[in-house]
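J.: Please read through the structure below; I'll follow up with questions.
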Amino acid sequence: MSSSTIITNIAALVTNDPSLGDHSPLGLVRDAAVVIEGDRVVWTGESSKAPATDNRVDAEGRAVLPGFVDSHSHLLFAGDRTEEFNARMSGRPYSAGGIRTTVAATRAASDAELEASLTRYLAEALRQGTTTFETKSGYGLTTADESRALRVAARHTDEVTFLGAHIVAPELADDPAAYVDLVTGEMLDACAPHARWIDVFCEKGAFDGDQARAILTAGKAKGLHPRIHANQLSYGPGVQLAVELDAASADHCTHLTDADVDALANSRTVATLLPGAEFSTRAQWPDARRLVDAGATVALSTDCNPGSSFTSSVPFCIALAVRDMGMTPDEAVWSATAGGAAALRRDDVGRLVPGAYADLTLLDAPSHVHLAYRPGVPLVAGVWRRGVRKV
């Protein structure tokens, strides 16, 4: 039998269970404790009511919350795009074309180089409290390069997404229909065994609504569940398509009509907002307040990628969402934990309740509000993943 550990003397514990504590969506428990056994949480509540355990960790009056669930990232790549970022900050607008630069570097990298890059960014994210992450292919755009990226990713996470439809491969730029045929045929056959999800960048300069529908429908037929890059750079069909296909998430959601908001609010599809992209491209912020008030489920994620959002910091994205997207600190923290879990259709992460994985973040602060209150400060003082302290 595995030993049990109590983390006690927690000033404020975010459980994301509204039946606990203050009965808010965060289920905030004051003067709290968490008991871990093996890789799971077995008890949460007030310290004074905690059961006896084998081991004890003193949180010293600090806050504890679920590990962040980063449900949208692009970590399978080589090189960077410093020059593009520098130029954009000097006045050049962002467009999807820059992806081709990363495609060339990624194709040229060895498997070992790709994996070393991935593990570097995963370690960076873990130090900032991320314990669950999704990551995508999309920088290979050939059958061999897409499938090898997914094989590498699958060694590090269960949440692997096939994004062969990131942009049309450069060698087929003049024949996008042929590339869609490749993605929905030979490439999908090679990639499906290594992925859980299928994604498509539905945007001007990438794939239109009909192409996106064909790609996602083909993926569903192979057992992959849809997610979609939707309505980032302009109004478009992405959100409506996501809801039509019961996609787990529609990601970006920057340019939404009232009908788009209503569709999200009346579906299981999560609106995943990625403020790092707007920050890094000086673009219009998504209106999180509008989505939350309509009743849509909202997730916050990093979109970590070398072109438009080169950050692995969920705390940074929380601060942006509170400052510039109309979210309260409570809403932003919920969206970065339970919201991210909903975007991955998971209930075993993003919450600190009996039966959930023991994924916890200890802050060097008395409250989760400090994540927005003290932007840019490295507040993460400890991280447990699957019951093991990693930081």
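Letters for chains follow the order of the structure tokens (A, B, ...), residue numbers begin at 1 for each chain, and ligand numbers begin at 1 in the order shown.
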Report as JSON, numbers by chain all protein, DNA and RNA residues lying within 12 Å of Ile7 in chain A, evaluated on only C-alpha atoms, omitting residues in the same chain fewer than 4 positions from it.

T.: {"A": [11, 13, 31, 32, 33, 34, 35, 36, 37, 41, 42, 43, 44, 45, 46, 47, 50, 51, 52, 53, 54, 55, 56, 57, 58, 59, 60, 61, 62, 63, 64, 65, 358, 360, 361, 362, 382, 383, 384, 387, 389]}

J.: Find the nearest atom pair between each residue of range 166-285 of chain A and range 132-149 of chain A for residues within 7 Å, count only C-alpha atoms, give distances in Å to one decimal, sort rows by chain and ascending number, and present the table as CSV.

T.:
residue,atom,partner,partner_atom,distance
A:His166,CA,A:Gly138,CA,5.3
A:Ala169,CA,A:Leu141,CA,5.5
A:Met187,CA,A:Thr143,CA,4.6
A:Ala190,CA,A:Ser147,CA,6.1
A:Cys191,CA,A:Ser147,CA,4.9

J.: Under the rule that only C-alpha atoms are counted, which of A:Glu115, A:Asp189, A:Asp181, A:Asp17 is the nearest residue to His156 in chain A?

T.: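 Answer, going by the shortest atom-to-atom distance: A:Glu115.
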
J.: Can you pull out every residue from range 112-333 of chain A that DSSP, working from the backbone, puts in strand (DSSP E), and format the result as number ranges by chain?

T.: A: 130-136, 159-165, 197-202, 225-226, 228-230, 249-252, 270-273, 298-300

J.: Tell me, as a PyMOL selection string, which residues lie within 7 Å of His194 in chain A, counting only C-alpha atoms; anything in the same chain fewer than 4 positions away does not count.

T.: chain A and resi 150-151+154

J.: Go ahead and save the picked residues with N, CA, C and O atoms, as a PDB file, in the first residue's frame.

T.:
ATOM      1  N   LEU A 150       4.243  13.340 -33.845  1.00  0.00           N
ATOM      2  CA  LEU A 150       3.248  12.774 -32.951  1.00  0.00           C
ATOM      3  C   LEU A 150       3.817  11.620 -32.130  1.00  0.00           C
ATOM      4  O   LEU A 150       3.469  11.470 -30.949  1.00  0.00           O
ATOM      5  N   ARG A 151       4.681  10.842 -32.717  1.00  0.00           N
ATOM      6  CA  ARG A 151       5.319   9.758 -31.956  1.00  0.00           C
ATOM      7  C   ARG A 151       6.154  10.322 -30.816  1.00  0.00           C
ATOM      8  O   ARG A 151       6.141   9.793 -29.698  1.00  0.00           O
ATOM      9  N   ALA A 154       3.764  11.683 -28.095  1.00  0.00           N
ATOM     10  CA  ALA A 154       3.041  10.645 -27.360  1.00  0.00           C
ATOM     11  C   ALA A 154       3.879  10.012 -26.261  1.00  0.00           C
ATOM     12  O   ALA A 154       3.326   9.378 -25.352  1.00  0.00           O
TER      13      ALA A 154
END

J.: Given only C-alpha atoms as the basis, pick out the residue of A:Ala336, A:Val292, A:Ala192, A:Ala230 nearest to Pro66 in chain A.

T.: A:Ala336

J.: Which residues, written as a PDB file with N, CA, C and O atoms, in the first residue's frame, have at least one atom at most 9 Å from Gly376 in chain A, with only C-alpha atoms counted and residues fewer than 5 positions away on the same chain left out?

T.:
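So the final result, stored in selection.pdb, reads:
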ATOM      1  N   PRO A 315       0.471  31.438 -15.726  1.00  0.00           N
ATOM      2  CA  PRO A 315       0.247  32.623 -14.878  1.00  0.00           C
ATOM      3  C   PRO A 315       0.258  33.936 -15.659  1.00  0.00           C
ATOM      4  O   PRO A 315      -0.533  34.843 -15.367  1.00  0.00           O
ATOM      5  N   PHE A 316       1.125  34.063 -16.637  1.00  0.00           N
ATOM      6  CA  PHE A 316       1.142  35.258 -17.476  1.00  0.00           C
ATOM      7  C   PHE A 316      -0.178  35.412 -18.216  1.00  0.00           C
ATOM      8  O   PHE A 316      -0.748  36.512 -18.287  1.00  0.00           O
ATOM      9  N   ALA A 319      -2.898  36.659 -15.919  1.00  0.00           N
ATOM     10  CA  ALA A 319      -2.786  38.100 -15.682  1.00  0.00           C
ATOM     11  C   ALA A 319      -3.316  38.899 -16.870  1.00  0.00           C
ATOM     12  O   ALA A 319      -4.019  39.905 -16.689  1.00  0.00           O
ATOM     13  N   LEU A 371      -1.854  35.645  -8.650  1.00  0.00           N
ATOM     14  CA  LEU A 371      -1.416  35.334 -10.013  1.00  0.00           C
ATOM     15  C   LEU A 371      -1.680  36.492 -10.961  1.00  0.00           C
ATOM     16  O   LEU A 371      -0.906  36.735 -11.894  1.00  0.00           O
TER      17      LEU A 371
END

J.: Could you check which of A:Thr130, A:Pro366, A:Val333, A:His255 is closest to Ala283 in chain A, using only C-alpha atoms?

T.: A:His255

J.: Where in range 280-315 of chain A does DSSP assign alpha helix (DSSP H), given as a list of chain:residue names?

T.: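 Filtering range 280-315 of chain A down to alpha helix (DSSP H) leaves A:Ser280, A:Thr281, A:Ala288, A:Arg289, A:Arg290, A:Leu291, A:Val292, A:Asp293, A:Ala294, A:Val314, A:Pro315.
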
J.: Would you output that residue set with C-alpha atoms, as a compact mmCIF listing (two decimals), in the first residue's frame?

T.:
# COMPACT_ATOMS: atom_id res chain seq x y z
CA SER A 280 2.58 38.92 -29.06
CA THR A 281 0.86 40.19 -32.21
CA ALA A 288 -13.93 36.82 -22.34
CA ARG A 289 -16.55 38.77 -20.40
CA ARG A 290 -19.03 38.41 -23.26
CA LEU A 291 -18.53 34.64 -23.38
CA VAL A 292 -18.71 34.11 -19.63
CA ASP A 293 -21.83 36.24 -19.27
CA ALA A 294 -23.50 34.27 -22.07
CA VAL A 314 -0.12 30.08 -17.74
CA PRO A 315 0.25 32.62 -14.88

J.: I'd like the interatomic distance between CA of Ala173 in chain A and CA of Glu186 in chain A, to a tenth of an Å.

T.: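 Spanning CA of Ala173 in chain A to CA of Glu186 in chain A is a straight-line distance of 18.1 Å.
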
J.: Measure the distance from CA of Pro176 in chain A to CA of Asp199 in chain A in Å and round it to one decimal.

T.: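 Answer for the CA of Pro176 in chain A to CA of Asp199 in chain A separation: 16.9 Å.
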
J.: My list of candidates is A:Met89, A:Ala105, A:Leu75, A:Ala356. Which is closest to Ala123 in chain A when distances are computed with only C-alpha atoms?

T.: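 The closest residue to Ala123 in chain A is A:Leu75.
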
J.: Check the smallest atom-to-atom distance from each of A:Arg323, A:Val349, A:Leu224, A:Cys253 to Arg374 in chain A using only C-alpha atoms, then report the winner.

T.: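 With only C-alpha atoms as the atom set, the closest residue is A:Arg323.
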
J.: Residues within 9 Å of Ala247 in chain A, please, as a list in words. Count only C-alpha atoms; anything in the same chain fewer than 4 positions from it doesn't count.

T.: His225, Pro226, Arg227, Ile228, Leu241, Ala242, Val243, Arg268, Thr269 and Val270 of chain A

J.: Give the answer as one residue: which of A:Asp158, A:Asp80, A:Asp175, A:Asp210 has the shortest atom-to-atom distance to Ser117 in chain A, using only C-alpha atoms?

T.: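 Ranking A:Asp158, A:Asp80, A:Asp175, A:Asp210 by distance to Ser117 in chain A, first place goes to A:Asp80.
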